[in-house]
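Undergrad: Structure incoming, see below.
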2 protein chains.
Amino acid sequence: MAVQRGRGRGGVPNSPADAVTEPMPAVRTNGANGTPGRPVAGDVRERARAIPEAAVARLAVYLRVLSAMSEQGVGTISSEELSVAAVVNSAKLRKDLSYVGSYGTRGVGYEVSVLIEEIERILGLTRNHSVAVVGIGNLGHALANYGGFPSRGFPVVALFDVDEDLMGVPVGGILVNHIDEIGQVCAARDVSIGVIATPPPAAQAVCDRLVSGGVRCILNFAPVVLQVPDDVEVRKVDLAVEMQILSFHVARRADEVALNGADVDGVVVPR
Amino acid sequence: MAVQRGRGRGGVPNSPADAVTEPMPAVRTNGANGTPGRPVAGDVRERARAIPEAAVARLAVYLRVLSAMSEQGVGTISSEELSVAAVVNSAKLRKDLSYVGSYGTRGVGYEVSVLIEEIERILGLTRNHSVAVVGIGNLGHALANYGGFPSRGFPVVALFDVDEDLMGVPVGGILVNHIDEIGQVCAARDVSIGVIATPPPAAQAVCDRLVSGGVRCILNFAPVVLQVPDDVEVRKVDLAVEMQILSFHVARRADEVALNGADVDGVVVPR
DNA sequence: GCGACTTTGTGCCTGCGTTCACAAATGGAT
DNA sequence: ATCCATTTGTGAACGCAGGCACAAAGTCGC
């Protein structure tokens, strides 16, 4: 089967994040089917316009901001207001929303409840996604107990570890199974998202088990680069990388100060 | 993922931070921020070597892979080999490394130890960056006890919470202080990176305190969009967003199956 | 010392995402 | 009913990042 081609998923940069240009996350043509090089183009045609990966990430952010707004009783909001709250350019925000559809009213703005509904639909949040957590250490515990998951449509339905002392122990209401059972249990409980919170050396093996158990989406907290088939989506949360990126900025800033003597933002040395 | 980036501009002309002949690059002016009236734009000013944010993130990954290689006794490595291990295009990898400098030998490859050293230098890992963790809940505990930080040059030097029962209690060897003391303690202990692991409602206030305490880099685990001055760098780790991005892909995949496969009703509902 | 081979470093092209700017659409006032 | 003030939605321009392909540079064998 396909080896890890250029499909370097994993959003190294926070999602970077942010202005990260991902190669082919689109919904569109591009044999995104799972079969690597197959030129099946031309059939899937216009469904939802291909949504840039970066836009998807932002939509999730808008959704949170909108939820907060809604709780505060806000019924309508303009792109300008929302963009301020979400810290993005308002044009970008409108374009992002346009991927979802046209639910705004010119001259007025968007109805918060409608926007929430539509974004949830696009993100696939209208259905539940069962989650399995592997590695019940400090982080695993925190994740298993994190109330934000179930309430948001991500019920944790399975936990795994190697520690015999944990077998059968309930954590956050779920019994812990042995990692040898990953494949079987995940298939049985229809897990769609696997979370890896193991020590680095175990991560790849756990990942392989999850994949063979039918899991196609993985959230990886272990500081390792996972090798997966093309049809598996890996997002990674890497503390070390985040810290090092910050470190880079600290260093850069220090150098600037050393050079310019002043640290007034935006002021550049004329040349 | 959206990352709020302060724009740290700054001339940063050539200037060896250490005695070497290598410039300490700045991040490319990436109009990612959303500040409307931003000047810059057509900035053609020759900045030594601007390193794209995405490249910085990848460098951190290479660094980890290289460390692993080094431990296994590998002395030399080609861009091809390294690119496979790090799951990136080899040309991209070489370009990334070129931002660091020219430390490869044509026809041979790179010396692992040299590469490690240089990447660490660029990322500013040659000096220590003191870390403060705010919010000593499940996650905060995990972070405070995470051994990966101190060993990598990120010593945790301060912990904060609101819970009176935690005051003065040692967690991972550090005594917990009250969040009212953030500003003072951070300044005193020269904290350069603040980690926010509080509940959402407290995050912004905590952030403000960190900033007023002189902290200019923040790693935010709270699911909120933080508002900060331009000269503060915020990286965020947002579980909900990550899960929702995965959810989007699950949905997309299901849709594809529904369209291409045998299912007739619009959506294939698992479970 | 010379030639063949290997691998780096990078110029250049391509494509995508961001941003601008404006026409279209809508509500409210007159 | 018409005009004005707003705000959306998007075509087009722009700029950055990714990937290709190759010349430069260095090694190794003879």
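Letters A, B, ... go to the chains of the structure tokens in the order shown; residues in each chain start at 1; ligands are counted from 1 in the same order.
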Name all residues at most 7 Å from range 7-21 of chain C (count only C-alpha atoms (C1' of nucleotides); drop same-chain ones fewer than 6 positions away) and give them as a PDB file with N, CA and C atoms, in the first residue's frame.
TA:
ATOM      1  N   GLY B 104      25.965  21.149   4.946  1.00  0.00           N
ATOM      2  CA  GLY B 104      26.021  19.840   4.328  1.00  0.00           C
ATOM      3  C   GLY B 104      27.268  19.704   3.470  1.00  0.00           C
ATOM      4  N   THR B 105      27.590  18.476   3.147  1.00  0.00           N
ATOM      5  CA  THR B 105      28.714  18.240   2.248  1.00  0.00           C
ATOM      6  C   THR B 105      28.172  17.557   1.011  1.00  0.00           C
ATOM      7  N   ARG B 106      28.288  18.189  -0.118  1.00  0.00           N
ATOM      8  CA  ARG B 106      27.728  17.640  -1.346  1.00  0.00           C
ATOM      9  C   ARG B 106      28.352  16.289  -1.650  1.00  0.00           C
ATOM     10  N   GLY B 107      27.518  15.408  -2.038  1.00  0.00           N
ATOM     11  CA  GLY B 107      28.003  14.066  -2.334  1.00  0.00           C
ATOM     12  C   GLY B 107      28.015  13.171  -1.104  1.00  0.00           C
ATOM     13  N   VAL B 108      27.848  13.782   0.057  1.00  0.00           N
ATOM     14  CA  VAL B 108      27.885  13.006   1.300  1.00  0.00           C
ATOM     15  C   VAL B 108      26.610  13.133   2.119  1.00  0.00           C
ATOM     16  N   GLY B 109      26.319  14.340   2.520  1.00  0.00           N
ATOM     17  CA  GLY B 109      25.144  14.539   3.355  1.00  0.00           C
ATOM     18  C   GLY B 109      25.457  15.479   4.501  1.00  0.00           C
TER      19      GLY B 109
END
Undergrad: Return as number ranges by chain the full set of residues in range 106-180 of chain A whose backbone-based DSSP assignment is strand (DSSP E).
TA: A: 109-111, 131-134, 156-161, 170-171, 174-178
Undergrad: Residues of chain D no more than 7 Å from chain B, counting only C-alpha atoms (C1' of nucleotides): send them over as a ChimeraX atom specification.
TA: /D:25-27
Undergrad: Please dump the current selection as an mmCIF file, in the first residue's frame; keep N, CA and C atoms (P, O5', C5', C4', C3', O3' and C1' of nucleotides).
TA:
data_model
loop_
_atom_site.group_PDB
_atom_site.id
_atom_site.type_symbol
_atom_site.label_atom_id
_atom_site.label_comp_id
_atom_site.auth_asym_id
_atom_site.auth_seq_id
_atom_site.Cartn_x
_atom_site.Cartn_y
_atom_site.Cartn_z
ATOM 1 P P DA D 25 30.680 26.038 -6.881
ATOM 2 O "O5'" DA D 25 30.751 24.714 -6.012
ATOM 3 C "C5'" DA D 25 29.817 24.507 -4.958
ATOM 4 C "C4'" DA D 25 30.120 23.204 -4.262
ATOM 5 C "C3'" DA D 25 31.621 22.938 -4.107
ATOM 6 O "O3'" DA D 25 31.834 22.384 -2.824
ATOM 7 C "C1'" DA D 25 30.597 21.136 -5.205
ATOM 8 P P DG D 26 33.292 22.575 -2.164
ATOM 9 O "O5'" DG D 26 33.579 21.133 -1.563
ATOM 10 C "C5'" DG D 26 32.518 20.467 -0.896
ATOM 11 C "C4'" DG D 26 32.513 19.004 -1.255
ATOM 12 C "C3'" DG D 26 33.905 18.351 -1.185
ATOM 13 O "O3'" DG D 26 33.897 17.333 -0.198
ATOM 14 C "C1'" DG D 26 32.693 17.651 -3.102
ATOM 15 P P DT D 27 35.220 16.478 0.083
ATOM 16 O "O5'" DT D 27 34.730 15.042 -0.403
ATOM 17 C "C5'" DT D 27 33.455 14.560 0.019
ATOM 18 C "C4'" DT D 27 33.258 13.149 -0.503
ATOM 19 C "C3'" DT D 27 34.447 12.230 -0.268
ATOM 20 O "O3'" DT D 27 33.975 10.942 0.114
ATOM 21 C "C1'" DT D 27 34.001 12.384 -2.599
#
Undergrad: Would you pick out the contacts of range 68-73 of chain A at 12 Å or less, using only C-alpha atoms (C1' of nucleotides), so that residues sharing its chain but fewer than 6 positions from it are not included, and give the list as a list in words?
TA: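 Returned residues: Val61, Tyr62, Glu81, Leu82, Ala85, Ala86, Glu111, Val112, Ser113, Val114, Leu115, Ile116 and Glu117 of chain A; Pro200, Pro201, Pro223, Val224 and Val225 of chain B.
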Undergrad: Go ahead and save the residues from that selection, with N, CA and C atoms, as a PDB file, in the first residue's frame.
TA:
ATOM      1  N   VAL A  61     -12.839  27.721  15.342  1.00  0.00           N
ATOM      2  CA  VAL A  61     -12.662  28.837  16.271  1.00  0.00           C
ATOM      3  C   VAL A  61     -13.889  29.740  16.268  1.00  0.00           C
ATOM      4  N   TYR A  62     -14.375  30.039  15.073  1.00  0.00           N
ATOM      5  CA  TYR A  62     -15.564  30.886  14.986  1.00  0.00           C
ATOM      6  C   TYR A  62     -16.702  30.245  15.765  1.00  0.00           C
ATOM      7  N   GLU A  81     -17.590  42.483  13.728  1.00  0.00           N
ATOM      8  CA  GLU A  81     -17.553  42.173  15.154  1.00  0.00           C
ATOM      9  C   GLU A  81     -16.929  40.808  15.411  1.00  0.00           C
ATOM     10  N   LEU A  82     -17.415  39.836  14.632  1.00  0.00           N
ATOM     11  CA  LEU A  82     -16.932  38.476  14.818  1.00  0.00           C
ATOM     12  C   LEU A  82     -15.438  38.376  14.544  1.00  0.00           C
ATOM     13  N   ALA A  85     -13.462  39.495  17.531  1.00  0.00           N
ATOM     14  CA  ALA A  85     -13.478  38.504  18.610  1.00  0.00           C
ATOM     15  C   ALA A  85     -12.607  37.301  18.299  1.00  0.00           C
ATOM     16  N   ALA A  86     -12.543  36.947  17.027  1.00  0.00           N
ATOM     17  CA  ALA A  86     -11.770  35.759  16.653  1.00  0.00           C
ATOM     18  C   ALA A  86     -10.350  36.106  16.237  1.00  0.00           C
ATOM     19  N   GLU A 111     -27.123  35.694  11.650  1.00  0.00           N
ATOM     20  CA  GLU A 111     -27.858  35.269  12.821  1.00  0.00           C
ATOM     21  C   GLU A 111     -26.997  34.207  13.500  1.00  0.00           C
ATOM     22  N   VAL A 112     -26.647  34.478  14.730  1.00  0.00           N
ATOM     23  CA  VAL A 112     -25.729  33.605  15.453  1.00  0.00           C
ATOM     24  C   VAL A 112     -26.163  32.138  15.443  1.00  0.00           C
ATOM     25  N   SER A 113     -27.401  31.903  15.749  1.00  0.00           N
ATOM     26  CA  SER A 113     -27.862  30.508  15.843  1.00  0.00           C
ATOM     27  C   SER A 113     -27.747  29.770  14.515  1.00  0.00           C
ATOM     28  N   VAL A 114     -28.059  30.472  13.450  1.00  0.00           N
ATOM     29  CA  VAL A 114     -27.967  29.852  12.125  1.00  0.00           C
ATOM     30  C   VAL A 114     -26.522  29.498  11.798  1.00  0.00           C
ATOM     31  N   LEU A 115     -25.649  30.463  12.071  1.00  0.00           N
ATOM     32  CA  LEU A 115     -24.243  30.256  11.782  1.00  0.00           C
ATOM     33  C   LEU A 115     -23.699  29.047  12.546  1.00  0.00           C
ATOM     34  N   ILE A 116     -24.068  28.971  13.808  1.00  0.00           N
ATOM     35  CA  ILE A 116     -23.608  27.850  14.634  1.00  0.00           C
ATOM     36  C   ILE A 116     -24.071  26.536  14.023  1.00  0.00           C
ATOM     37  N   GLU A 117     -25.322  26.521  13.643  1.00  0.00           N
ATOM     38  CA  GLU A 117     -25.897  25.307  13.076  1.00  0.00           C
ATOM     39  C   GLU A 117     -25.175  24.877  11.803  1.00  0.00           C
TER      40      GLU A 117
ATOM     41  N   PRO B 200     -11.488  28.112  30.745  1.00  0.00           N
ATOM     42  CA  PRO B 200     -11.681  29.191  29.771  1.00  0.00           C
ATOM     43  C   PRO B 200     -11.958  30.566  30.371  1.00  0.00           C
ATOM     44  N   PRO B 201     -12.871  30.667  31.327  1.00  0.00           N
ATOM     45  CA  PRO B 201     -13.225  32.007  31.815  1.00  0.00           C
ATOM     46  C   PRO B 201     -12.052  32.763  32.428  1.00  0.00           C
ATOM     47  N   PRO B 223      -9.446  26.872  25.761  1.00  0.00           N
ATOM     48  CA  PRO B 223     -10.196  27.076  24.519  1.00  0.00           C
ATOM     49  C   PRO B 223     -10.830  28.448  24.421  1.00  0.00           C
ATOM     50  N   VAL B 224      -9.994  29.432  24.303  1.00  0.00           N
ATOM     51  CA  VAL B 224     -10.456  30.807  24.122  1.00  0.00           C
ATOM     52  C   VAL B 224      -9.482  31.520  23.207  1.00  0.00           C
ATOM     53  N   VAL B 225      -9.978  32.506  22.523  1.00  0.00           N
ATOM     54  CA  VAL B 225      -9.104  33.306  21.685  1.00  0.00           C
ATOM     55  C   VAL B 225      -8.585  34.452  22.536  1.00  0.00           C
TER      56      VAL B 225
END
Undergrad: From a backbone DSSP assignment, name each residue in range 93-186 of chain B labelled helix (DSSP H, G or I), as a PyMOL selection string.
TA: chain B and resi 93-100+112-122+138-145+148-151+164-166+179-186
Undergrad: Dump C-alpha atoms for the selected residues as a PDB file, in the first residue's frame?
TA:
ATOM      1  CA  LEU B  93      13.810  19.744   3.838  1.00  0.00           C
ATOM      2  CA  ARG B  94      16.920  21.005   2.123  1.00  0.00           C
ATOM      3  CA  LYS B  95      15.379  24.418   1.719  1.00  0.00           C
ATOM      4  CA  ASP B  96      14.486  24.461   5.384  1.00  0.00           C
ATOM      5  CA  LEU B  97      18.028  23.541   6.301  1.00  0.00           C
ATOM      6  CA  SER B  98      19.361  26.209   4.013  1.00  0.00           C
ATOM      7  CA  TYR B  99      17.680  28.794   6.233  1.00  0.00           C
ATOM      8  CA  VAL B 100      19.911  27.557   8.988  1.00  0.00           C
ATOM      9  CA  VAL B 112      24.127  14.753  12.430  1.00  0.00           C
ATOM     10  CA  SER B 113      25.870  16.398  15.355  1.00  0.00           C
ATOM     11  CA  VAL B 114      26.553  19.579  13.415  1.00  0.00           C
ATOM     12  CA  LEU B 115      22.975  19.802  12.220  1.00  0.00           C
ATOM     13  CA  ILE B 116      21.663  19.347  15.741  1.00  0.00           C
ATOM     14  CA  GLU B 117      23.930  22.051  17.014  1.00  0.00           C
ATOM     15  CA  GLU B 118      23.006  24.540  14.333  1.00  0.00           C
ATOM     16  CA  ILE B 119      19.296  23.956  14.522  1.00  0.00           C
ATOM     17  CA  GLU B 120      19.442  24.378  18.267  1.00  0.00           C
ATOM     18  CA  ARG B 121      21.265  27.613  17.776  1.00  0.00           C
ATOM     19  CA  ILE B 122      18.704  28.930  15.325  1.00  0.00           C
ATOM     20  CA  ASN B 138      -5.306  17.820  35.523  1.00  0.00           C
ATOM     21  CA  LEU B 139      -3.438  19.297  32.648  1.00  0.00           C
ATOM     22  CA  GLY B 140      -1.383  21.657  34.750  1.00  0.00           C
ATOM     23  CA  HIS B 141      -0.201  18.755  36.857  1.00  0.00           C
ATOM     24  CA  ALA B 142       0.732  16.792  33.795  1.00  0.00           C
ATOM     25  CA  LEU B 143       2.680  19.737  32.468  1.00  0.00           C
ATOM     26  CA  ALA B 144       4.428  20.502  35.736  1.00  0.00           C
ATOM     27  CA  ASN B 145       5.547  16.920  36.005  1.00  0.00           C
ATOM     28  CA  GLY B 148      10.561  16.644  28.793  1.00  0.00           C
ATOM     29  CA  PHE B 149      10.634  20.320  29.598  1.00  0.00           C
ATOM     30  CA  PRO B 150      13.557  20.812  31.926  1.00  0.00           C
ATOM     31  CA  SER B 151      15.742  18.354  30.074  1.00  0.00           C
ATOM     32  CA  GLU B 164      -6.185  28.166  48.303  1.00  0.00           C
ATOM     33  CA  ASP B 165      -5.569  24.512  49.120  1.00  0.00           C
ATOM     34  CA  LEU B 166      -2.761  24.431  46.599  1.00  0.00           C
ATOM     35  CA  ILE B 179      -2.401  33.954  40.463  1.00  0.00           C
ATOM     36  CA  ASP B 180      -2.474  37.420  41.964  1.00  0.00           C
ATOM     37  CA  GLU B 181       1.264  37.091  42.247  1.00  0.00           C
ATOM     38  CA  ILE B 182       1.828  36.250  38.603  1.00  0.00           C
ATOM     39  CA  GLY B 183       3.167  39.607  37.579  1.00  0.00           C
ATOM     40  CA  GLN B 184       5.554  39.935  40.448  1.00  0.00           C
ATOM     41  CA  VAL B 185       6.837  36.367  40.476  1.00  0.00           C
ATOM     42  CA  CYS B 186       7.277  36.161  36.721  1.00  0.00           C
TER      43      CYS B 186
END
Undergrad: Pick out the residues sitting within 10 Å of Val162 in chain B, and hand them over as a VMD selection string; count only C-alpha atoms (C1' of nucleotides), and ignore anything fewer than 5 positions along from it in its own chain.
TA: chain B and resid 134 to 136 167 176 to 180 198 202
Undergrad: Considering only C-alpha atoms (C1' of nucleotides), state which residue in the set D:DG15, D:DC28, D:DT6, D:DA1 is at the smallest distance from DA4 in chain C.
TA: D:DC28
Undergrad: If you measure from CA of Asp163 in chain B to CA of Gly213 in chain B, what distance in Å do you get, rounded to one decimal?
TA: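 Between CA of Asp163 in chain B and CA of Gly213 in chain B the gap is 20.7 Å.
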Undergrad: At a cut-off of 7 Å, which residues of chain C touch chain A? Count only C-alpha atoms (C1' of nucleotides) and give the answer as an NGL selection string.
TA: :C and (25-27)
Undergrad: Would you mind telling me which residue in B:Ala187, B:Ala60, B:Val88, B:Ile77 lies nearest to DG19 in chain D when using only C-alpha atoms (C1' of nucleotides)?
TA: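 The answer is B:Val88, which sits nearest to DG19 in chain D.
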Undergrad: What does the structure give for the distance between CA of Val241 in chain B and CA of Ser83 in chain A, in Å to one decimal?
TA: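 These atoms are spaced 17.4 Å apart.
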Undergrad: In Å to one decimal, how far is CA of Ala158 in chain A from CA of Glu233 in chain A?
TA: 19.5 Å
Undergrad: Name the closest residue to chain B among the candidates A:Leu66, A:Val74, A:Cys217, A:Ala203; distances are taken between atoms, counting only C-alpha atoms.
TA: A:Cys217
Undergrad: With distances taken over only C-alpha atoms, which residue among B:Gly214, B:Val133, B:Gly168, B:Ala57 lies nearest chain A?
TA: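 Among the listed residues, the smallest separation from chain A belongs to B:Ala57.
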